[in-house]
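Have a look at input.cif; it's mmCIF, C-alpha atoms:
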data_target
#
loop_
_atom_site.label_atom_id
_atom_site.label_comp_id
_atom_site.auth_asym_id
_atom_site.auth_seq_id
_atom_site.Cartn_x
_atom_site.Cartn_y
_atom_site.Cartn_z
CA MET A 1 16.25 7.29 -18.08
CA PRO A 2 16.46 3.56 -17.14
CA PRO A 3 19.87 1.88 -17.42
CA LEU A 4 20.59 -0.18 -20.51
CA LEU A 5 20.32 -3.89 -19.86
CA ARG A 6 21.19 -4.71 -23.48
CA TYR A 7 23.07 -3.10 -26.33
CA PRO A 8 21.24 -0.21 -28.01
CA THR A 9 20.44 -0.38 -31.70
CA VAL A 10 21.22 2.47 -34.09
CA ASP A 11 17.68 3.81 -33.81
CA GLU A 12 17.63 3.51 -30.02
CA LEU A 13 20.89 5.46 -29.74
CA GLY A 14 19.38 8.39 -31.63
CA ALA A 15 16.09 8.27 -29.77
CA ARG A 16 17.71 8.14 -26.31
CA ALA A 17 20.12 10.96 -27.18
CA ALA A 18 17.22 13.08 -28.44
CA ALA A 19 15.33 12.42 -25.20
CA LEU A 20 18.35 13.58 -23.18
CA VAL A 21 18.51 16.83 -25.15
CA ALA A 22 14.78 17.40 -24.70
CA ARG A 23 15.20 17.05 -20.93
CA HIS A 24 18.34 19.25 -20.79
CA PRO A 25 18.01 21.76 -23.65
CA GLY A 26 20.41 24.25 -22.09
CA ALA A 27 23.22 21.82 -21.44
CA ALA A 28 23.00 19.24 -24.24
CA ARG A 29 22.94 19.51 -28.01
CA LEU A 30 22.60 16.98 -30.81
CA ARG A 31 23.90 17.73 -34.28
CA ARG A 32 24.53 15.81 -37.43
CA VAL A 33 28.23 15.75 -38.31
CA GLY A 34 28.12 13.46 -41.33
CA THR A 35 26.32 10.70 -43.18
CA SER A 36 27.19 7.04 -43.60
CA ARG A 37 27.54 5.26 -46.92
CA ALA A 38 23.94 4.05 -46.61
CA GLY A 39 22.65 7.53 -45.74
CA THR A 40 22.39 7.12 -41.95
CA PRO A 41 23.14 10.33 -40.01
CA LEU A 42 26.23 10.42 -37.81
CA TRP A 43 25.06 12.12 -34.62
CA LEU A 44 27.20 14.03 -32.14
CA LEU A 45 25.79 14.54 -28.65
CA SER A 46 27.55 17.42 -26.83
CA VAL A 47 27.20 18.15 -23.13
CA GLY A 48 28.48 21.31 -21.43
CA HIS A 49 29.91 24.58 -22.75
CA GLY A 50 33.54 24.41 -21.63
CA SER A 51 36.35 25.76 -23.75
CA ARG A 52 38.28 22.47 -23.72
CA GLN A 53 36.97 19.63 -25.81
CA ALA A 54 36.80 15.91 -25.07
CA LEU A 55 35.80 13.64 -27.96
CA VAL A 56 34.47 10.11 -27.41
CA VAL A 57 33.90 7.90 -30.47
CA ALA A 58 31.54 4.93 -30.11
CA GLY A 59 30.97 2.14 -32.59
CA PRO A 60 34.09 2.28 -34.78
CA HIS A 61 33.88 -1.50 -35.15
CA ALA A 62 30.48 -2.81 -36.15
CA ASN A 63 30.52 -5.85 -33.85
CA GLU A 64 31.57 -3.90 -30.73
CA PRO A 65 28.39 -2.17 -29.54
CA VAL A 66 29.28 -1.48 -25.90
CA GLY A 67 30.43 2.04 -26.80
CA GLY A 68 26.85 3.09 -27.57
CA ALA A 69 25.73 2.13 -24.08
CA THR A 70 28.81 3.83 -22.63
CA VAL A 71 28.34 7.22 -24.33
CA LEU A 72 24.74 7.38 -23.12
CA LEU A 73 25.95 6.62 -19.60
CA LEU A 74 28.68 9.27 -19.89
CA ALA A 75 26.16 11.85 -21.09
CA GLU A 76 23.94 11.17 -18.07
CA ARG A 77 26.93 11.52 -15.72
CA ALA A 78 28.17 14.73 -17.33
CA LEU A 79 24.68 16.22 -17.08
CA ALA A 80 24.39 15.22 -13.42
CA ASP A 81 27.87 16.24 -12.28
CA PRO A 82 29.01 19.81 -13.07
CA ARG A 83 32.55 18.88 -12.02
CA LEU A 84 32.83 17.07 -15.36
CA THR A 85 31.72 20.13 -17.38
CA GLU A 86 31.82 23.59 -15.75
CA GLY A 87 34.28 22.47 -13.08
CA ALA A 88 36.64 21.07 -15.71
CA ASP A 89 35.95 23.80 -18.30
CA THR A 90 35.13 20.93 -20.66
CA THR A 91 32.60 20.09 -23.33
CA TRP A 92 31.95 16.38 -23.83
CA ASN A 93 31.43 15.50 -27.50
CA LEU A 94 30.01 12.00 -27.85
CA LEU A 95 29.81 10.48 -31.34
CA LEU A 96 27.00 7.96 -30.96
CA CYS A 97 28.17 5.49 -33.62
CA LEU A 98 30.88 5.83 -36.26
CA ASP A 99 29.72 2.82 -38.30
CA PRO A 100 25.92 2.73 -38.03
CA ASP A 101 25.56 0.69 -41.23
CA GLY A 102 27.79 -2.04 -39.80
CA LEU A 103 25.95 -1.95 -36.47
CA ARG A 104 22.66 -2.56 -38.28
CA HIS A 105 24.18 -5.73 -39.77
CA ASN A 106 24.64 -7.02 -36.20
CA GLU A 107 21.04 -6.54 -35.10
CA GLY A 108 20.43 -10.28 -35.45
CA TRP A 109 22.19 -10.80 -32.09
CA LEU A 110 22.47 -7.25 -30.70
CA THR A 111 19.44 -7.17 -28.43
CA GLY A 112 19.92 -10.64 -26.96
CA PRO A 113 19.65 -13.22 -25.65
CA TYR A 114 23.44 -13.36 -25.59
CA SER A 115 25.27 -16.59 -26.29
CA LEU A 116 28.54 -17.26 -28.07
CA ASP A 117 27.03 -19.37 -30.85
CA ARG A 118 24.27 -16.81 -31.52
CA TYR A 119 26.83 -14.01 -31.64
CA PHE A 120 29.21 -15.72 -34.06
CA ARG A 121 26.47 -17.02 -36.36
CA ARG A 122 25.14 -13.45 -36.75
CA PHE A 123 28.44 -11.58 -36.41
CA PHE A 124 29.37 -8.92 -38.94
CA ARG A 125 32.45 -6.75 -39.25
CA PRO A 126 33.44 -5.25 -42.58
CA GLY A 127 36.74 -5.90 -44.28
CA PHE A 128 39.74 -3.90 -43.14
CA LEU A 129 39.46 -1.29 -45.89
CA GLU A 130 35.86 -0.55 -44.88
CA GLN A 131 36.65 0.13 -41.22
CA PRO A 132 36.39 3.89 -40.71
CA GLU A 133 39.19 4.44 -38.17
CA TRP A 134 41.97 3.29 -40.50
CA LEU A 135 43.81 5.56 -42.95
CA PRO A 136 45.66 3.13 -45.25
CA ASP A 137 46.28 5.97 -47.74
CA GLY A 138 46.67 8.72 -45.14
CA ALA A 139 44.14 11.35 -44.12
CA ALA A 140 44.22 13.03 -47.52
CA GLY A 141 43.31 9.73 -49.18
CA ALA A 142 40.37 8.87 -46.87
CA VAL A 143 37.45 7.69 -49.01
CA LEU A 144 34.82 6.52 -46.51
CA PRO A 145 32.34 9.30 -45.61
CA GLU A 146 32.39 8.14 -41.98
CA THR A 147 36.18 8.55 -41.87
CA ARG A 148 36.05 11.99 -43.47
CA ALA A 149 33.38 13.10 -40.99
CA LEU A 150 35.52 12.01 -38.01
CA LEU A 151 38.66 13.67 -39.40
CA ALA A 152 36.75 16.92 -39.92
CA LEU A 153 35.36 16.72 -36.39
CA GLN A 154 38.81 16.17 -34.91
CA ASP A 155 40.22 19.16 -36.80
CA GLU A 156 37.25 21.30 -35.77
CA LEU A 157 37.29 20.48 -32.07
CA LYS A 158 41.03 19.97 -31.57
CA PRO A 159 40.26 17.88 -28.47
CA PHE A 160 42.77 17.65 -25.66
CA PHE A 161 41.42 14.14 -25.01
CA GLN A 162 39.98 11.56 -27.39
CA CYS A 163 38.57 8.15 -26.56
CA SER A 164 37.81 5.37 -29.04
CA LEU A 165 35.45 2.77 -27.57
CA HIS A 166 36.00 -0.87 -28.48
CA GLY A 167 34.76 -4.23 -27.25
CA VAL A 168 36.61 -7.51 -26.92
CA ASP A 169 34.23 -10.35 -27.78
CA VAL A 170 36.16 -12.88 -25.65
CA GLY A 171 38.98 -11.96 -23.25
CA GLY A 172 39.56 -9.02 -20.93
CA GLY A 173 39.73 -5.26 -20.65
CA PHE A 174 42.72 -3.16 -21.60
CA VAL A 175 43.67 0.34 -22.77
CA GLU A 176 45.92 1.58 -25.57
CA LEU A 177 47.35 5.12 -25.44
CA THR A 178 49.09 7.41 -27.91
CA ARG A 179 50.85 9.03 -24.94
CA ASP A 180 51.51 7.81 -21.42
CA LEU A 181 49.06 8.82 -18.69
CA PRO A 182 50.83 7.95 -15.43
CA GLY A 183 48.36 6.53 -12.93
CA LEU A 184 46.03 4.95 -15.49
CA PRO A 185 47.14 1.33 -14.89
CA GLN A 186 46.16 1.72 -11.23
CA ALA A 187 42.77 3.17 -12.21
CA VAL A 188 42.18 0.27 -14.63
CA ALA A 189 43.08 -2.19 -11.85
CA ARG A 190 40.57 -0.56 -9.47
CA ALA A 191 37.74 -0.57 -12.02
CA SER A 192 38.49 -4.18 -12.97
CA ALA A 193 38.51 -5.36 -9.37
CA ARG A 194 35.36 -3.43 -8.49
CA LEU A 195 33.37 -4.78 -11.43
CA GLY A 196 34.87 -8.24 -11.88
CA ILE A 197 36.34 -7.52 -15.31
CA PRO A 198 39.48 -9.53 -16.20
CA ARG A 199 42.48 -7.39 -17.17
CA GLU A 200 44.16 -8.50 -20.37
CA LEU A 201 47.84 -8.56 -19.38
CA GLY A 202 49.10 -9.94 -22.70
CA ALA A 203 46.69 -8.48 -25.23
CA TYR A 204 47.04 -9.94 -28.73
CA ASP A 205 46.38 -6.51 -30.30
CA ALA A 206 49.37 -5.06 -28.43
CA LEU A 207 51.63 -8.11 -28.51
CA TYR A 208 54.58 -6.17 -29.92
CA TRP A 209 53.81 -2.79 -28.32
CA PRO A 210 55.44 -1.13 -25.29
CA VAL A 211 53.74 -1.91 -21.97
CA LEU A 212 53.00 1.17 -19.85
CA GLY A 213 51.59 -0.86 -16.95
CA PRO A 214 49.35 -3.89 -16.42
CA ALA A 215 46.71 -3.92 -19.22
CA VAL A 216 47.85 -0.51 -20.55
CA TYR A 217 49.83 -0.30 -23.79
CA ARG A 218 51.50 2.40 -25.87
CA ILE A 219 50.34 2.64 -29.51
CA PRO A 220 53.41 2.95 -31.73
CA PRO A 221 53.63 5.95 -34.06
CA PRO A 222 51.92 5.24 -37.38
CA ARG A 223 53.84 3.86 -40.31
CA ARG A 224 53.07 2.65 -43.78
CA GLY A 225 52.95 -1.10 -44.21
CA GLY A 226 51.28 -3.92 -46.08
CA LEU A 227 47.71 -5.04 -45.53
CA VAL A 228 48.74 -8.01 -43.40
CA ALA A 229 50.76 -5.83 -41.04
CA ALA A 230 47.93 -3.31 -40.91
CA ILE A 231 45.36 -5.93 -39.92
CA THR A 232 47.51 -7.75 -37.37
CA GLU A 233 49.49 -4.87 -35.83
CA ALA A 234 47.24 -1.78 -36.30
CA ALA A 235 50.37 0.40 -36.10
CA VAL A 236 49.31 2.27 -39.25
CA GLU A 237 47.93 5.70 -39.90
CA SER A 238 44.60 6.06 -38.16
CA THR A 239 42.16 8.48 -36.62
CA TRP A 240 43.75 7.60 -33.27
CA TYR A 241 46.86 9.54 -34.22
CA HIS A 242 45.38 12.12 -36.61
CA PRO A 243 44.64 14.73 -33.87
CA HIS A 244 48.09 14.21 -32.32
CA ARG A 245 49.13 17.42 -34.11
CA HIS A 246 46.68 19.31 -31.88
CA GLY A 247 48.25 17.92 -28.71
CA THR A 248 45.50 15.32 -28.32
CA VAL A 249 46.06 12.19 -26.27
CA THR A 250 43.97 9.25 -27.49
CA ALA A 251 42.84 6.35 -25.33
CA VAL A 252 41.45 3.21 -26.95
CA VAL A 253 39.35 1.53 -24.25
CA GLU A 254 38.49 -2.14 -24.67
CA ALA A 255 35.75 -3.82 -22.62
CA PRO A 256 35.05 -7.58 -22.85
CA MET A 257 31.71 -9.16 -23.65
CA TRP A 258 32.67 -12.64 -22.46
CA GLY A 259 35.40 -12.55 -19.85
CA VAL A 260 38.24 -15.08 -19.55
CA ASP A 261 40.15 -15.02 -16.27
CA GLY A 262 43.25 -16.59 -17.84
CA VAL A 263 44.07 -13.37 -19.73
CA GLY A 264 44.99 -11.86 -16.35
CA ASP A 265 47.36 -14.66 -15.32
CA GLY A 266 50.88 -13.21 -15.35
CA SER A 267 52.56 -16.43 -14.24
CA ALA A 268 55.25 -18.18 -16.28
CA PRO A 269 53.83 -21.05 -18.37
CA ALA A 270 55.09 -24.58 -17.81
CA ASP A 271 56.15 -25.03 -21.46
CA ALA A 272 55.60 -21.98 -23.67
CA GLU A 273 57.12 -23.59 -26.77
CA ALA A 274 54.82 -26.61 -26.59
CA ALA A 275 51.82 -24.29 -26.20
CA LEU A 276 52.94 -22.20 -29.20
CA ARG A 277 53.37 -25.34 -31.33
CA ALA A 278 49.84 -26.42 -30.48
CA LEU A 279 48.41 -22.97 -31.23
CA SER A 280 50.17 -22.63 -34.58
CA ARG A 281 49.21 -26.18 -35.56
CA ALA A 282 45.55 -25.54 -34.68
CA LEU A 283 45.47 -22.27 -36.62
CA ARG A 284 46.97 -23.91 -39.74
CA HIS A 285 44.47 -26.79 -39.47
CA ASP A 286 41.50 -24.45 -39.07
CA THR A 287 42.69 -22.27 -41.96
CA ARG A 288 42.96 -25.23 -44.34
CA LEU A 289 39.51 -26.39 -43.29
CA LEU A 290 37.92 -22.99 -43.83
CA ARG A 291 39.69 -22.38 -47.12
CA GLY A 292 38.26 -25.66 -48.38
CA ILE A 293 34.76 -24.62 -47.36
CA LEU A 294 35.21 -21.18 -48.95
CA THR A 295 36.30 -22.81 -52.22
CA ARG A 296 33.05 -24.78 -52.26
CA VAL A 297 30.89 -21.80 -51.29
CA ARG A 298 32.33 -19.00 -53.43
CA PRO A 299 30.95 -20.16 -56.82
CA HIS A 300 27.40 -19.92 -55.42
CA ALA A 301 27.84 -16.54 -53.68
CA ALA A 302 26.81 -14.38 -56.65
CA THR A 303 23.12 -14.82 -55.84
CA VAL A 304 23.49 -13.52 -52.27
CA PRO A 305 22.81 -9.81 -51.63
CA GLU A 306 25.91 -8.10 -50.20
CA ALA A 307 28.00 -11.22 -50.77
CA ALA A 308 31.04 -9.01 -51.40
CA ARG A 309 30.70 -7.39 -47.95
CA LEU A 310 30.59 -10.81 -46.29
CA LEU A 311 33.48 -12.20 -48.31
CA ALA A 312 35.83 -9.24 -47.79
CA PRO A 313 36.47 -9.96 -44.08
CA VAL A 314 36.63 -13.70 -44.80
CA ASP A 315 39.43 -13.05 -47.29
CA ASP A 316 41.15 -10.74 -44.76
CA TYR A 317 41.09 -13.36 -42.02
CA LEU A 318 42.31 -16.19 -44.24
CA LEU A 319 45.04 -13.92 -45.58
CA VAL A 320 46.58 -13.22 -42.16
CA CYS A 321 46.19 -16.65 -40.54
CA PRO A 322 49.20 -18.40 -42.15
CA GLY A 323 51.56 -15.57 -41.19
CA LEU A 324 50.32 -15.59 -37.63
CA ALA A 325 50.78 -19.36 -37.40
CA ASP A 326 54.36 -18.91 -38.60
CA ASP A 327 54.97 -16.09 -36.11
CA TRP A 328 53.83 -18.32 -33.27
CA ASP A 329 55.72 -21.46 -34.36
CA PRO A 330 58.96 -21.86 -32.35
CA ASP A 331 60.26 -24.39 -34.87
CA LEU A 332 60.57 -21.81 -37.67
CA GLY A 333 63.64 -20.13 -36.21
CA ASP A 334 65.44 -20.02 -39.58
CA ARG A 335 62.71 -17.91 -41.22
CA PRO A 336 62.35 -14.11 -40.89
CA ARG A 337 59.58 -13.26 -38.44
CA ARG A 338 58.81 -10.93 -35.59
CA THR A 339 60.35 -11.76 -32.24
CA LEU A 340 57.77 -12.65 -29.63
CA PRO A 341 58.10 -10.96 -26.23
CA PRO A 342 58.70 -13.10 -23.11
CA LEU A 343 55.44 -15.00 -22.81
CA THR A 344 53.26 -15.40 -19.74
CA THR A 345 50.19 -17.56 -19.32
CA ALA A 346 48.17 -14.42 -20.11
CA HIS A 347 49.92 -14.06 -23.49
CA LEU A 348 49.31 -17.68 -24.41
CA THR A 349 45.67 -17.45 -23.38
CA ALA A 350 45.24 -14.32 -25.53
CA LEU A 351 46.88 -16.03 -28.51
CA ARG A 352 44.64 -19.06 -28.11
CA ILE A 353 41.57 -16.83 -28.01
CA SER A 354 42.69 -14.77 -31.02
CA GLY A 355 43.39 -17.81 -33.20
CA ARG A 356 40.01 -19.26 -32.35
CA ARG A 357 38.38 -15.84 -32.95
CA LEU A 358 39.69 -15.67 -36.52
CA ALA A 359 38.35 -19.14 -37.25
CA LEU A 360 34.97 -18.50 -35.63
CA ARG A 361 34.44 -15.18 -37.38
CA THR A 362 35.25 -16.79 -40.72
CA ALA A 363 32.92 -19.72 -40.08
CA GLY A 364 30.13 -17.38 -38.92
CA LEU A 365 30.38 -15.18 -42.01
CA LEU A 366 30.40 -18.22 -44.31
CA HIS A 367 27.38 -19.56 -42.40
CA GLN A 368 25.51 -16.31 -43.11
CA LEU A 369 26.50 -16.41 -46.76
CA VAL A 370 24.97 -19.88 -47.14
CA THR A 371 21.83 -19.25 -45.09
CA ARG A 372 21.09 -15.98 -46.94
CA ALA A 373 21.25 -17.88 -50.22
CA GLY A 374 18.29 -19.94 -49.01
CA ARG A 375 19.93 -23.15 -50.19
CA ASP A 376 23.14 -25.06 -49.65
CA PRO A 377 24.25 -26.49 -52.99
CA ALA A 378 27.77 -27.15 -51.69
CA GLY A 379 26.43 -29.03 -48.66
CA VAL A 380 28.59 -27.08 -46.18
CA LEU A 381 26.00 -25.94 -43.64
CA PRO A 382 26.14 -29.03 -41.37
CA GLU A 383 29.94 -28.76 -41.33
CA LEU A 384 29.85 -25.05 -40.49
CA ASP A 385 27.27 -25.62 -37.75
CA ALA A 386 29.43 -28.32 -36.20
CA LEU A 387 32.53 -26.09 -36.30
CA VAL A 388 30.77 -23.12 -34.71
CA ASP A 389 29.35 -25.34 -31.96
CA GLN A 390 32.73 -27.02 -31.33
CA TRP A 391 34.74 -23.79 -31.23
CA CYS A 392 32.22 -21.95 -29.04
CA ALA A 393 32.32 -24.90 -26.63
CA ASP A 394 36.10 -24.55 -26.53
CA TYR A 395 35.69 -20.91 -25.50
CA ARG A 396 33.20 -21.87 -22.77
CA ASP A 397 34.70 -25.09 -21.47
CA GLY A 398 38.35 -24.76 -22.44
CA CYS A 399 38.85 -21.05 -21.75
CA GLY A 400 36.12 -20.50 -19.15
CA ALA A 401 34.45 -17.67 -21.11
CA HIS A 402 31.58 -16.15 -19.09
CA TRP A 403 29.10 -13.46 -20.09
CA ILE A 404 29.49 -9.98 -18.57
CA PRO A 405 26.20 -8.05 -18.41
CA VAL A 406 25.96 -5.03 -20.70
CA ALA A 407 25.46 -2.59 -17.83
CA ARG A 408 28.67 -3.81 -16.20
CA GLN A 409 30.62 -3.56 -19.46
CA ALA A 410 29.47 0.05 -19.91
CA GLU A 411 30.18 0.92 -16.27
CA TYR A 412 33.71 -0.43 -16.54
CA GLN A 413 34.35 1.46 -19.75
CA SER A 414 32.93 4.71 -18.36
CA GLN A 415 35.06 4.48 -15.19
CA VAL A 416 38.22 3.94 -17.22
CA ILE A 417 37.31 6.85 -19.54
CA LEU A 418 36.70 9.22 -16.64
CA ALA A 419 40.00 8.24 -15.02
CA ALA A 420 41.88 8.78 -18.29
CA PHE A 421 40.04 12.08 -18.84
CA ASP A 422 41.04 13.34 -15.41
CA LEU A 423 44.69 12.40 -15.96
CA ALA A 424 44.75 13.96 -19.43
CA ARG A 425 43.09 17.14 -18.09
CA ARG A 426 45.74 17.58 -15.42
CA HIS A 427 48.55 17.53 -17.97
CA ALA A 428 46.91 19.29 -20.93
CA PRO A 429 47.81 22.87 -21.90
CA ARG A 430 45.26 25.48 -20.96
CA ASP A 431 44.95 26.98 -24.45
CA PHE A 432 42.59 24.43 -25.99
CA ARG A 433 39.57 26.16 -27.52
CA SER A 434 36.61 24.84 -29.43
CA GLY A 435 36.33 25.16 -33.15
CA GLU A 436 32.57 24.75 -32.91
CA SER A 437 31.07 28.06 -33.99
CA ASP A 438 27.45 27.62 -32.97
CA TRP A 439 26.46 26.52 -29.47
CA GLY A 440 22.78 27.16 -30.10
CA CYS A 441 20.06 24.62 -29.39
CA GLU A 442 18.49 23.69 -32.69
CA PRO A 443 15.48 21.42 -33.11
CA VAL A 444 16.50 17.81 -32.83
CA VAL A 445 15.35 15.16 -35.28
CA PRO A 446 15.89 11.72 -33.77
CA MET A 447 17.90 9.35 -35.93
CA HIS A 448 15.02 6.93 -36.36
CA ARG A 449 12.77 9.66 -37.83
CA GLU A 450 15.18 11.25 -40.25
#

Once more with this new file: its structure as structure tokens, please.
Amino acid sequence: MPPLLRYPTVDELGARAAALVARHPGAARLRRVGTSRAGTPLWLLSVGHGSRQALVVAGPHANEPVGGATVLLLAERALADPRLTEGADTTWNLLLCLDPDGLRHNEGWLTGPYSLDRYFRRFFRPGFLEQPEWLPDGAAGAVLPETRALLALQDELKPFFQCSLHGVDVGGGFVELTRDLPGLPQAVARASARLGIPRELGAYDALYWPVLGPAVYRIPPPRRGGLVAAITEAAVESTWYHPHRHGTVTAVVEAPMWGVDGVGDGSAPADAEAALRALSRALRHDTRLLRGILTRVRPHAATVPEAARLLAPVDDYLLVCPGLADDWDPDLGDRPRRTLPPLTTAHLTALRISGRRLALRTAGLLHQLVTRAGRDPAGVLPELDALVDQWCADYRDGCGAHWIPVARQAEYQSQVILAAFDLARRHAPRDFRSGESDWGCEPVVPMHRE
């Protein structure tokens, strides 16, 4: 099977997985483990017949498609190398895409050509409450069918190792763990150096989390919190921690689409406070600007199909921006806020990227809302176009963002996964057994034909 030079679509994922099973009917199986809200099958590709289970989840975020390319690459490697299956007494369970409906909404940019402005103008990611990895009401209160399918799969397989595959649109690669895997930071460093992937040494997602090593972070235990904390900290109940009761270690592996070398600069900044003032000021300015545009657009949104799905993430982003600007502002010392860690140039670069990301995503979603309406009664389209162009240019020219080919993204992610798998296997108890009752090879119906 030829390597993927671009991101696979939902239909291509199913077709390529079915082709793998047809070529290796004794070693690979494909089964439906659930159905999305729109009726799309959730497919699990399993390779090997070992008693210990590894679970890899691709596509939990709709705009992060690298995981689909990675699981296909992992399946090929597991089929070609018995050390990963029989030699490790392991079955690889590869969930092709957890949010296929969301991935379909990204097909306007998914297959290329890849440019920042094309990506952000066609970007889609559902609101926080529609993202299937999160459990804002706990596992018992999970309402999304995709979430319930993943929870059931985790409880069935009781994997010793779970990987959740994510993609950073602009920045660098990093890993988040529910339990320390000594040696992983060195493996991440080797893969990054070999493939030219920047390591994110001050990741915004893990700004307040323990650091286990360069570009490797410890996910805090879950806790209940408000929506703002859930969106900005992610330290809430999730499918990352749900299988912890089975002894599972979870690795969240992030691979960048556009790399920025500055996220790997661990040097001390010349004036961190001045940089933070500028970042918080820019975020407040952009938020006011976008709120004004939203106020003009919202009255006309009723005519747009799926307007609610586009507006939900817009409202999420504009909800969290003021709090983040306050958190970053060194002049608000008399107000209660989280204490920032000692900041390096890498941290400041990551904060700059994240503030710009929130603004660009909001502008891109509003742009789609207007263009789908087929008219622009509020006259905002030229303004949105100018903002997207200006902010993408800042990524390219100000941050040095450069495209990383899809094959290299997937190779990096697969190397990090295999290193984490090997470390987890060495330390896992030997009594893991599969809950999967039927290892038979049933007829496979590719996703695009069902």

A:Leu201, A:Ala142, A:Met257, A:Val47 ranked by distance to Ala410 (chain A), top pick (using all atoms listed in the file):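 Nearest to Ala410 (chain A): A:Met257.
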
Evaluate the PyMOL selection byres ((chain A and resi 144-149) around 10) and report residues as a PyMOL selection string: chain A and resi 32-39+41-42+60+97-100+129-135+139-143+150-154+238-239

Go ahead and dump the residues you just picked, C-alpha atoms, as an mmCIF file, in the frame of the given file.
data_model
loop_
_atom_site.group_PDB
_atom_site.id
_atom_site.type_symbol
_atom_site.label_atom_id
_atom_site.label_comp_id
_atom_site.auth_asym_id
_atom_site.auth_seq_id
_atom_site.Cartn_x
_atom_site.Cartn_y
_atom_site.Cartn_z
ATOM 1 C CA ARG A 32 24.530 15.810 -37.430
ATOM 2 C CA VAL A 33 28.230 15.750 -38.310
ATOM 3 C CA GLY A 34 28.120 13.460 -41.330
ATOM 4 C CA THR A 35 26.320 10.700 -43.180
ATOM 5 C CA SER A 36 27.190 7.040 -43.600
ATOM 6 C CA ARG A 37 27.540 5.260 -46.920
ATOM 7 C CA ALA A 38 23.940 4.050 -46.610
ATOM 8 C CA GLY A 39 22.650 7.530 -45.740
ATOM 9 C CA PRO A 41 23.140 10.330 -40.010
ATOM 10 C CA LEU A 42 26.230 10.420 -37.810
ATOM 11 C CA PRO A 60 34.090 2.280 -34.780
ATOM 12 C CA CYS A 97 28.170 5.490 -33.620
ATOM 13 C CA LEU A 98 30.880 5.830 -36.260
ATOM 14 C CA ASP A 99 29.720 2.820 -38.300
ATOM 15 C CA PRO A 100 25.920 2.730 -38.030
ATOM 16 C CA LEU A 129 39.460 -1.290 -45.890
ATOM 17 C CA GLU A 130 35.860 -0.550 -44.880
ATOM 18 C CA GLN A 131 36.650 0.130 -41.220
ATOM 19 C CA PRO A 132 36.390 3.890 -40.710
ATOM 20 C CA GLU A 133 39.190 4.440 -38.170
ATOM 21 C CA TRP A 134 41.970 3.290 -40.500
ATOM 22 C CA LEU A 135 43.810 5.560 -42.950
ATOM 23 C CA ALA A 139 44.140 11.350 -44.120
ATOM 24 C CA ALA A 140 44.220 13.030 -47.520
ATOM 25 C CA GLY A 141 43.310 9.730 -49.180
ATOM 26 C CA ALA A 142 40.370 8.870 -46.870
ATOM 27 C CA VAL A 143 37.450 7.690 -49.010
ATOM 28 C CA LEU A 150 35.520 12.010 -38.010
ATOM 29 C CA LEU A 151 38.660 13.670 -39.400
ATOM 30 C CA ALA A 152 36.750 16.920 -39.920
ATOM 31 C CA LEU A 153 35.360 16.720 -36.390
ATOM 32 C CA GLN A 154 38.810 16.170 -34.910
ATOM 33 C CA SER A 238 44.600 6.060 -38.160
ATOM 34 C CA THR A 239 42.160 8.480 -36.620
#

Close residues, region 157-163 of chain A itself excluded, 6 Å, only C-alpha atoms, min 3 positions apart in chain, as number ranges by chain: A: 53-56, 154, 246, 248-252, 434-435

Selection result for the PyMOL selection byres ((chain A and resi 370) around 9) on this file, as a PyMOL selection string: chain A and resi 297+300-301+304+365-369+371-377+380-381

Keeping only C-alpha atoms, write the selected residues to a file as a CSV table (one decimal), in the coordinates of the input.
chain,number,residue,atom,x,y,z
A,297,VAL,CA,30.9,-21.8,-51.3
A,300,HIS,CA,27.4,-19.9,-55.4
A,301,ALA,CA,27.8,-16.5,-53.7
A,304,VAL,CA,23.5,-13.5,-52.3
A,365,LEU,CA,30.4,-15.2,-42.0
A,366,LEU,CA,30.4,-18.2,-44.3
A,367,HIS,CA,27.4,-19.6,-42.4
A,368,GLN,CA,25.5,-16.3,-43.1
A,369,LEU,CA,26.5,-16.4,-46.8
A,371,THR,CA,21.8,-19.2,-45.1
A,372,ARG,CA,21.1,-16.0,-46.9
A,373,ALA,CA,21.2,-17.9,-50.2
A,374,GLY,CA,18.3,-19.9,-49.0
A,375,ARG,CA,19.9,-23.2,-50.2
A,376,ASP,CA,23.1,-25.1,-49.6
A,377,PRO,CA,24.2,-26.5,-53.0
A,380,VAL,CA,28.6,-27.1,-46.2
A,381,LEU,CA,26.0,-25.9,-43.6

Surrounding residues of region 358-363 of chain A excluding itself and chain neighbours under 3 positions, 9 Å, all atoms listed in the file, as an MDAnalysis selection string: chainID A and resid 120:121 123:125 283 286:287 290 293 313:315 317:318 321 353:355 366:368 384:385 387:388 391:392

Between CA of Arg352 (chain A) and CA of Ser164 (chain A) - distance in Å to one decimal: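 So the answer is 25.4 Å.
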
Computed interatomic separation between CA of Ala58 (chain A) and CA of Gly108 (chain A) (Å):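 Interatomic distance here is 19.6 Å.
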
Answer as a list of chain:residue names, residues within 10 Å of (51.6, -1.0, -24.2) using all atoms listed in the file: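 Collected hits near the coordinates: A:Phe174, A:Val175, A:Glu176, A:Leu177, A:Thr178, A:Asp180, A:Leu201, A:Gly202, A:Ala203, A:Asp205, A:Ala206, A:Leu207, A:Tyr208, A:Trp209, A:Pro210, A:Val211, A:Leu212, A:Gly213, A:Pro214, A:Ala215, A:Val216, A:Tyr217, A:Arg218, A:Ile219, A:Pro220.
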
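Compared by their closest atoms to Ala19 (chain A), and using all atoms listed in the file, the residues A:Asn63, A:Thr85, A:Ala75, A:Asp389 rank with A:Ala75 nearest.
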
Take every atom of region 84-100 of chain A listed in the file, pad by 6 Å on each side, and give me the axis-aligned box centre and edge lengths in Å, one decimal, as AutoDock Vina command-line options.
--center_x 31.3 --center_y 13.3 --center_z -25.7 --size_x 22.7 --size_y 33.1 --size_z 37.2
